[in-house]
Amino acid sequence: MNQSVGVGVLLFFFAPTAGYAIELGLPLDCEIGQTCLVQNYVDHDMSDRASDYQCGALTYDGHNGTDFRVPTLAMQRRGVHVLAVADGQVLRTRDGMADMSISAPEAPSVAGQECGNGAVIAHADGWETQYCHLAHGSLRVKRGDRVKAGDPIGHVGLSGKTEFPHVHFVVRLRGEVVDPFSVAAPDGSCGLGTVLWKPSLRESLSYRAPAVLNAGFADGPITMDQVDEGIGANPRLPQDAPALVAFVRAIGLRRGQVQRLSVTGPDGETLVDQAEKPLDRDKAQMLLYVGRKRPSEGFKPGRYRADYFVTREGRIVLQKSFEVSL
Ligand SMILES: [Zn+2]
């Protein structure tokens with residue numbers, strides 16, 4: 001009898017390191033780093049502070065899922081499919097809630113319906129996945145439906161408790177929330193644990209913080225709303241534009257980091273070169289822009305380049321260059 005008890009203990013002990021049978025695809029039909037980014041990870045800190053699986057700040061207290069964000073509301077409205085991450089059967093769904101940021105003045109209460117429109121899918125071996133904040137009227141599965149990995153189940157939206165277009169994606173094993181980037185990681189291990197994403201996704205899903213969500217040029221000062229409407233997508237601006245403004249919206253910036261944004265003209269001349277003060281706190285997202293009014297003789301025709309850097313103690317942690325033609 002003692003022996004069987006021993007075997008039971010061994011199985012329990014080794015189960016977390018033995019590997020899991022499930023492998024996950026992306027919950028959104030997008031290209032990580034191009035048409036979507038991870039805005040928030042699962043909170044691994046049991047206290048009232050928050051820590052993502054890399055001991056970073058891309059999470060908030062009690063966050064139980066991974067937020068895959070599309071860069072603009074304009075893209076969300078065009079329709080981006082939310083996808084089943086593995087084969088399974090639909091357990092439950094909700095639809096009918098409005099697509100509205102909870103920061104909108106007319107936003108209704110979402111108490112008890114924070115997930116908004118969404119679906120829960122059961123998979124083999126006690127796994128379950130949940131998909132939240134789908135677009136109103138976009139659900140295309142119902143309870144009992146069988147789905148295959150990669151099947152569309154709806155569109156990304158803005159329903160429930162959300163301020164930006166994303167799918168809040170939750171993984172549970174036998175009812176307990178797990179982090180698909182880091183299952184059964186020892187506390188404070190900053191990146192250990194088992195990864196559930198299928199191998200072909202792991203490089204693109206490697207941890208990125210900070211990261212550039214949007215970058216481009218406009219013809220005047222811009223707002224976060226205009227960025228969400230997709231401003232800056234045009235690779236050309238007219239030569240008689242009233243101003244030339246380069247902008248970057250970055251996510252996951254940390255206290256102490258320094259942003260710098262410059263614009264160089266067609267002959268290599270510097271139009272503007274601005275270094276910000278070190279950040280006094282972490283920033284989930286931040287919009288930075290620099291620009292120059294049209295000179296009296298007009299802008300020179302040609303290609304203008306913007307260079308964006310984030311540094312910490314003189315070391316570059318993020319860099320992006322982008323261009324526009326005038
Ligand atoms: Zn979330």
# chains A, B, ... in the order shown; residues from 1 in each chain; ligands from 1
$ residues_around --residues "Val70 of chain A" --least-positions-apart "4" --cutoff "8 Å" --atoms "only C-alpha atoms" --output "list in words"
Thr35, Cys36, Leu37, Met75, Gln76, Pro165 and His166 of chain A
$ residues_near_ligand --ligand "ligand 1" --cutoff "7 Å" --atoms "only C-alpha atoms and all ligand atoms" --output "PyMOL selection string"
chain A and resi 40+63-67+168-169
$ write_last_selection --atoms "N, CA and C atoms" --output "CSV table (one decimal), in the first residue's frame"
chain,number,residue,atom,x,y,z
A,40,ASN,N,-1.1,43.5,-22.2
A,40,ASN,CA,-1.0,43.1,-20.8
A,40,ASN,C,-0.9,41.6,-20.7
A,63,HIS,N,-5.0,40.9,-13.0
A,63,HIS,CA,-5.3,40.6,-14.4
A,63,HIS,C,-5.1,39.1,-14.7
A,64,ASN,N,-6.2,38.4,-15.2
A,64,ASN,CA,-6.1,37.0,-15.2
A,64,ASN,C,-6.0,36.4,-16.7
A,65,GLY,N,-5.7,37.3,-17.6
A,65,GLY,CA,-5.5,36.9,-19.0
A,65,GLY,C,-4.4,37.6,-19.7
A,66,THR,N,-4.4,37.4,-21.0
A,66,THR,CA,-3.4,38.1,-21.9
A,66,THR,C,-4.3,38.9,-22.9
A,67,ASP,N,-3.9,40.2,-23.0
A,67,ASP,CA,-4.6,41.1,-23.9
A,67,ASP,C,-3.9,41.3,-25.2
A,168,HIS,N,-9.3,39.8,-24.6
A,168,HIS,CA,-8.8,39.4,-23.3
A,168,HIS,C,-8.9,37.9,-23.3
A,169,PHE,N,-7.8,37.2,-23.3
A,169,PHE,CA,-7.7,35.7,-23.5
A,169,PHE,C,-7.3,35.1,-22.2
$ atom_distance --atom1 "atom CA of Gln319 of chain A" --atom2 "atom CA of Lys293 of chain A"
25.2 Å
$ select_by_dssp --residues "segment 173-210 of chain A" --states "strand (DSSP E or B)" --output "list in words"
Leu173, Glu176, Val177, Val178, Val183, Thr194 and Trp197 of chain A
$ residues_around --residues "Gly268 of chain A" --least-positions-apart "4" --cutoff "12 Å" --atoms "only C-alpha atoms" --output "list in words"
Ser262, Val263, Thr264, Val272, Lys300, Gly302, Arg303, Tyr304, Arg305 and Ala306 of chain A
$ write_last_selection --atoms "C-alpha atoms" --output "PDB file, in the first residue's frame"
ATOM      1  CA  SER A 262      14.046  63.178 -34.477  1.00  0.00           C
ATOM      2  CA  VAL A 263      13.175  63.997 -38.093  1.00  0.00           C
ATOM      3  CA  THR A 264      15.765  64.167 -40.855  1.00  0.00           C
ATOM      4  CA  VAL A 272      13.896  68.476 -35.176  1.00  0.00           C
ATOM      5  CA  LYS A 300      11.691  70.439 -49.808  1.00  0.00           C
ATOM      6  CA  GLY A 302      11.799  64.153 -50.975  1.00  0.00           C
ATOM      7  CA  ARG A 303      11.881  61.538 -48.247  1.00  0.00           C
ATOM      8  CA  TYR A 304      11.831  62.456 -44.577  1.00  0.00           C
ATOM      9  CA  ARG A 305      12.901  59.957 -41.929  1.00  0.00           C
ATOM     10  CA  ALA A 306      11.949  59.771 -38.265  1.00  0.00           C
TER      11      ALA A 306
END
$ residues_around --residues "Ala21 of chain A" --least-positions-apart "2" --cutoff "10 Å" --atoms "only C-alpha atoms" --output "list in words"
Ala18, Gly19, Glu23, Ala124, Asp125, Trp127 and Leu196 of chain A
$ residues_around --residues "Met224 of chain A" --least-positions-apart "2" --cutoff "12 Å" --atoms "only C-alpha atoms" --output "ChimeraX atom specification"
/A:71-73,164,213-215,221-222,226-232,247-250,285-289
$ closest_residue --among "A:Gly116, A:Pro180, A:Pro242, A:Gly188" --to "Leu205 of chain A" --atoms "only C-alpha atoms"
A:Pro180
$ residues_around --residues "Arg260 of chain A" --least-positions-apart "6" --cutoff "7 Å" --atoms "only C-alpha atoms" --output "list in words"
Gln274, Ala275, Glu276, Tyr308, Phe309 and Val310 of chain A
